[in-house]
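Asker: Input file: target_32.txt. Contents: compact mmCIF, C-alpha atoms.
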# COMPACT_ATOMS: atom_id res chain seq x y z
CA THR A 330 -196.22 74.39 23.15
CA THR A 331 -195.36 72.79 26.44
CA SER A 332 -196.25 69.18 26.97
CA LEU A 333 -198.24 68.41 30.10
CA SER A 334 -196.00 65.40 30.61
CA ILE A 335 -193.03 67.58 31.56
CA SER A 336 -192.36 67.01 35.23
CA ALA A 337 -191.93 69.79 37.74
CA ASP A 338 -188.29 68.91 38.34
CA LYS A 339 -187.58 69.26 34.60
CA ILE A 340 -189.31 72.64 34.61
CA LEU A 341 -187.14 73.72 37.55
CA LEU A 342 -184.00 72.58 35.76
CA GLN A 343 -185.07 74.55 32.69
CA ALA A 344 -185.77 77.59 34.89
CA ILE A 345 -182.30 77.28 36.44
CA GLU A 346 -180.75 77.15 32.98
CA LEU A 347 -182.64 80.29 31.92
CA LEU A 348 -181.88 82.12 35.16
CA ASN A 349 -178.19 81.21 34.90
CA GLY A 350 -178.21 82.67 31.38
CA ALA A 351 -179.82 85.84 32.68
CA VAL A 352 -177.29 86.36 35.48
CA ALA A 353 -174.43 85.59 33.09
CA ARG A 354 -175.63 88.53 30.97
CA ASP A 355 -176.40 90.72 34.00
CA PRO A 356 -174.45 89.74 37.13
CA SER A 357 -176.39 92.34 39.15
CA PHE A 358 -179.83 90.80 38.40
CA HIS A 359 -180.91 90.47 42.02
CA ALA A 360 -184.37 89.02 41.36
CA ALA A 361 -182.87 86.24 39.25
CA PHE A 362 -180.52 85.24 42.07
CA CYS A 363 -183.47 85.12 44.49
CA GLN A 364 -185.35 82.88 42.04
CA LEU A 365 -182.28 80.68 41.67
CA VAL A 366 -182.26 80.14 45.43
CA HIS A 367 -185.88 79.05 45.30
CA ALA A 368 -185.38 76.72 42.31
CA HIS A 369 -182.30 75.02 43.77
CA ASP A 370 -183.90 74.71 47.21
CA THR A 371 -187.06 73.19 45.75
CA LEU A 372 -185.04 70.58 43.89
CA TYR A 373 -183.12 69.91 47.10
CA SER A 374 -186.02 69.74 49.54
CA VAL A 375 -189.04 68.66 47.49
CA TRP A 376 -187.51 66.61 44.68
CA GLY A 377 -184.85 64.91 46.82
CA ASP A 378 -181.74 66.17 45.06
CA HIS A 379 -179.74 66.17 48.29
CA THR A 380 -176.41 66.46 46.54
CA PRO A 381 -173.64 68.75 47.75
CA ALA A 382 -173.68 70.39 44.32
CA ARG A 383 -177.38 71.30 44.59
CA LEU A 384 -176.88 72.69 48.10
CA ALA A 385 -173.81 74.66 46.98
CA ALA A 386 -175.68 76.13 44.00
CA GLY A 387 -178.51 77.36 46.21
CA GLU A 388 -176.08 78.81 48.72
CA ALA A 389 -174.03 80.52 45.99
CA ALA A 390 -177.17 82.16 44.60
CA LEU A 391 -178.19 83.30 48.08
CA LYS A 392 -174.72 84.66 48.77
CA ARG A 393 -174.84 86.70 45.57
CA ALA A 394 -178.34 88.02 46.37
CA ILE A 395 -177.07 89.10 49.80
CA GLU A 396 -174.02 90.78 48.23
CA LEU A 397 -176.23 92.71 45.80
CA ARG A 398 -179.02 93.80 48.15
CA PRO A 399 -178.50 92.58 51.72
CA ASN A 400 -181.51 94.36 53.21
CA ALA A 401 -183.98 93.92 50.35
CA PRO A 402 -187.20 92.18 51.36
CA GLU A 403 -186.71 89.73 48.49
CA THR A 404 -183.33 88.79 49.96
CA HIS A 405 -184.94 88.19 53.35
CA LEU A 406 -187.59 86.01 51.67
CA ALA A 407 -184.94 83.99 49.83
CA ARG A 408 -182.89 83.59 53.01
CA GLY A 409 -185.95 82.60 55.05
CA SER A 410 -187.02 80.07 52.46
CA HIS A 411 -183.48 78.66 52.30
CA LEU A 412 -183.23 78.35 56.06
CA TYR A 413 -186.48 76.45 56.26
CA GLU A 414 -186.41 74.37 53.08
CA VAL A 415 -182.81 73.22 53.41
CA PHE A 416 -182.03 73.33 57.14
CA ARG A 417 -185.52 73.22 58.74
CA ASP A 418 -184.52 76.25 60.80
CA SER A 419 -188.03 77.46 61.66
CA LYS A 420 -186.94 80.18 64.06
CA GLY A 421 -184.41 81.71 61.66
CA ALA A 422 -186.85 81.41 58.76
CA LEU A 423 -189.67 83.14 60.64
CA SER A 424 -187.32 85.97 61.59
CA GLU A 425 -186.35 86.46 57.95
CA LEU A 426 -189.99 86.29 56.86
CA GLU A 427 -190.88 89.06 59.31
CA ALA A 428 -188.16 91.21 57.78
CA ALA A 429 -189.44 90.38 54.28
CA ARG A 430 -193.04 91.16 55.26
CA ALA A 431 -192.05 94.72 56.21
CA GLY A 432 -191.13 95.44 52.58
CA LEU A 433 -193.50 93.00 50.87
CA PRO A 434 -196.69 93.21 52.96
CA ASN A 435 -198.89 91.73 50.21
CA ASP A 436 -196.65 88.91 49.01
CA PRO A 437 -198.51 85.59 49.31
CA ARG A 438 -195.24 83.63 49.21
CA ILE A 439 -194.39 84.91 52.68
CA LEU A 440 -197.74 83.71 54.01
CA GLU A 441 -197.43 80.34 52.27
CA LEU A 442 -194.03 79.66 53.80
CA THR A 443 -195.23 80.92 57.18
CA ALA A 444 -198.14 78.46 56.91
CA ASP A 445 -195.74 75.58 56.17
CA ILE A 446 -193.69 76.42 59.25
CA LEU A 447 -196.71 76.84 61.52
CA ILE A 448 -198.21 73.54 60.38
CA GLN A 449 -194.86 71.80 60.91
CA GLN A 450 -194.75 73.30 64.40
CA GLY A 451 -198.11 71.71 65.22
CA LYS A 452 -200.14 74.90 64.80
CA PRO A 453 -202.56 73.86 62.04
CA GLU A 454 -205.19 76.53 62.75
CA GLU A 455 -202.59 79.31 62.58
CA GLY A 456 -201.17 77.77 59.41
CA LEU A 457 -204.65 77.63 57.93
CA ARG A 458 -205.19 81.32 58.65
CA ALA A 459 -201.92 82.15 56.90
CA LEU A 460 -202.98 80.11 53.85
CA GLU A 461 -206.37 81.83 53.82
CA GLN A 462 -204.59 85.20 53.80
CA ALA A 463 -202.34 84.02 50.95
CA VAL A 464 -205.42 82.99 48.94
CA ALA A 465 -207.03 86.37 49.64
CA LEU A 466 -203.95 88.02 48.10
CA ASP A 467 -203.72 85.58 45.18
CA PRO A 468 -207.22 84.16 44.72
CA ARG A 469 -206.60 82.43 41.39
CA ASN A 470 -203.49 80.48 42.35
CA PRO A 471 -204.49 76.80 42.04
CA PHE A 472 -201.41 75.61 43.94
CA THR A 473 -202.20 77.71 47.01
CA LEU A 474 -205.88 76.82 46.80
CA SER A 475 -204.97 73.12 46.68
CA ARG A 476 -202.78 73.50 49.75
CA LEU A 477 -205.63 75.29 51.49
CA SER A 478 -208.01 72.44 50.66
CA ILE A 479 -205.56 69.93 52.17
CA SER A 480 -205.44 71.99 55.36
CA TYR A 481 -209.24 72.05 55.49
CA GLU A 482 -209.26 68.27 55.06
CA CYS A 483 -206.71 67.74 57.84
CA LEU A 484 -208.87 69.85 60.15
CA ARG A 485 -212.01 67.96 59.03
CA ARG A 486 -213.57 71.09 57.63
CA TYR A 487 -215.04 69.28 54.67
CA PRO A 488 -217.53 71.91 53.43
CA GLU A 489 -214.68 74.47 53.11
CA GLN A 490 -212.53 71.84 51.43
CA LYS A 491 -215.23 71.11 48.87
CA THR A 492 -215.76 74.81 48.11
CA THR A 493 -212.02 75.35 47.73
CA LEU A 494 -211.62 72.37 45.40
CA GLN A 495 -214.52 73.66 43.31
CA ARG A 496 -212.63 76.94 42.95
CA VAL A 497 -209.53 75.04 41.79
CA LEU A 498 -211.60 73.24 39.15
CA GLU A 499 -213.10 76.53 37.96
CA ILE A 500 -209.62 77.97 37.49
CA THR A 501 -208.02 74.84 36.05
CA PRO A 502 -210.78 72.65 34.60
CA ASP A 503 -208.25 70.26 33.04
Would it be possible to restate this file's structure as structure tokens?

Answerer:
Amino acid sequence: TTSLSISADKILLQAIELLNGAVARDPSFHAAFCQLVHAHDTLYSVWGDHTPARLAAGEAALKRAIELRPNAPETHLARGSHLYEVFRDSKGALSELEAARAGLPNDPRILELTADILIQQGKPEEGLRALEQAVALDPRNPFTLSRLSISYECLRRYPEQKTTLQRVLEITPD
């Protein structure tokens, strides 16, 4: 069983270890390289591991994903996420997300990242709409629902916030 006391950064480090094992066994495992980009970038941008080694690991995984499948929508998503999470390149990230959306029209991750960028650009209503679309695609994702409730709160839409938080509690009562 997994202890609830395990922190998210420890889970990401464990995921990286498992993904590295997978790509060692199958160096053409494109999806694993895309997930490695995300894991390294999250440690870099969210958990504050701003080391050159962390940046290099994310970039190496992205480079390999590009080598394997340069035009795959998953590659565009990984590149867009990397551009935004690591370099705060909103324009480049949005361009990559548009390319990803063409092949992954129902992927909520694209909408979630688009929402982050729009909110950062001072477009909270547009960001909210993107989050609402992400929740429509993945209605039982407590993380996305929580982010949506924060957006409602920031826009002082308290009844929607309350309803959204009630949904989170229904899904994850603990």

Asker: Could you jot down the CA of Leu484 (chain A) to CA of Val375 (chain A) separation for me, Å, one decimal place?

Answerer: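 CA of Val375 (chain A) lies 23.6 Å from CA of Leu484 (chain A).
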
Asker: Just to confirm, what's the straight-line distance from CA of Pro434 (chain A) to CA of Ala465 (chain A) in Å (one decimal)?

Answerer: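 Between CA of Pro434 (chain A) and CA of Ala465 (chain A) the gap works out to 12.8 Å.
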
Asker: Quick one: of A:Asn349, A:Gln495, A:Asn435, A:Ser424, who's nearest to Ala389 (chain A), counting only C-alpha atoms?

Answerer: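 Of A:Asn349, A:Gln495, A:Asn435, A:Ser424, the one nearest Ala389 (chain A) is A:Asn349, counting only C-alpha atoms.
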
Asker: Measure the distance from CA of Asn470 (chain A) to CA of Thr443 (chain A) in Å and round it to one decimal.

Answerer: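 Separation between CA of Asn470 (chain A) and CA of Thr443 (chain A): 17.0 Å.
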
Asker: Choose the residue, out of A:Ala385, A:Ala459, A:Leu372, A:Ala390, that has the smallest atom-to-atom separation from Pro356 (chain A); count all atoms listed in the file.

Answerer: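 Nearest to Pro356 (chain A): A:Ala390.
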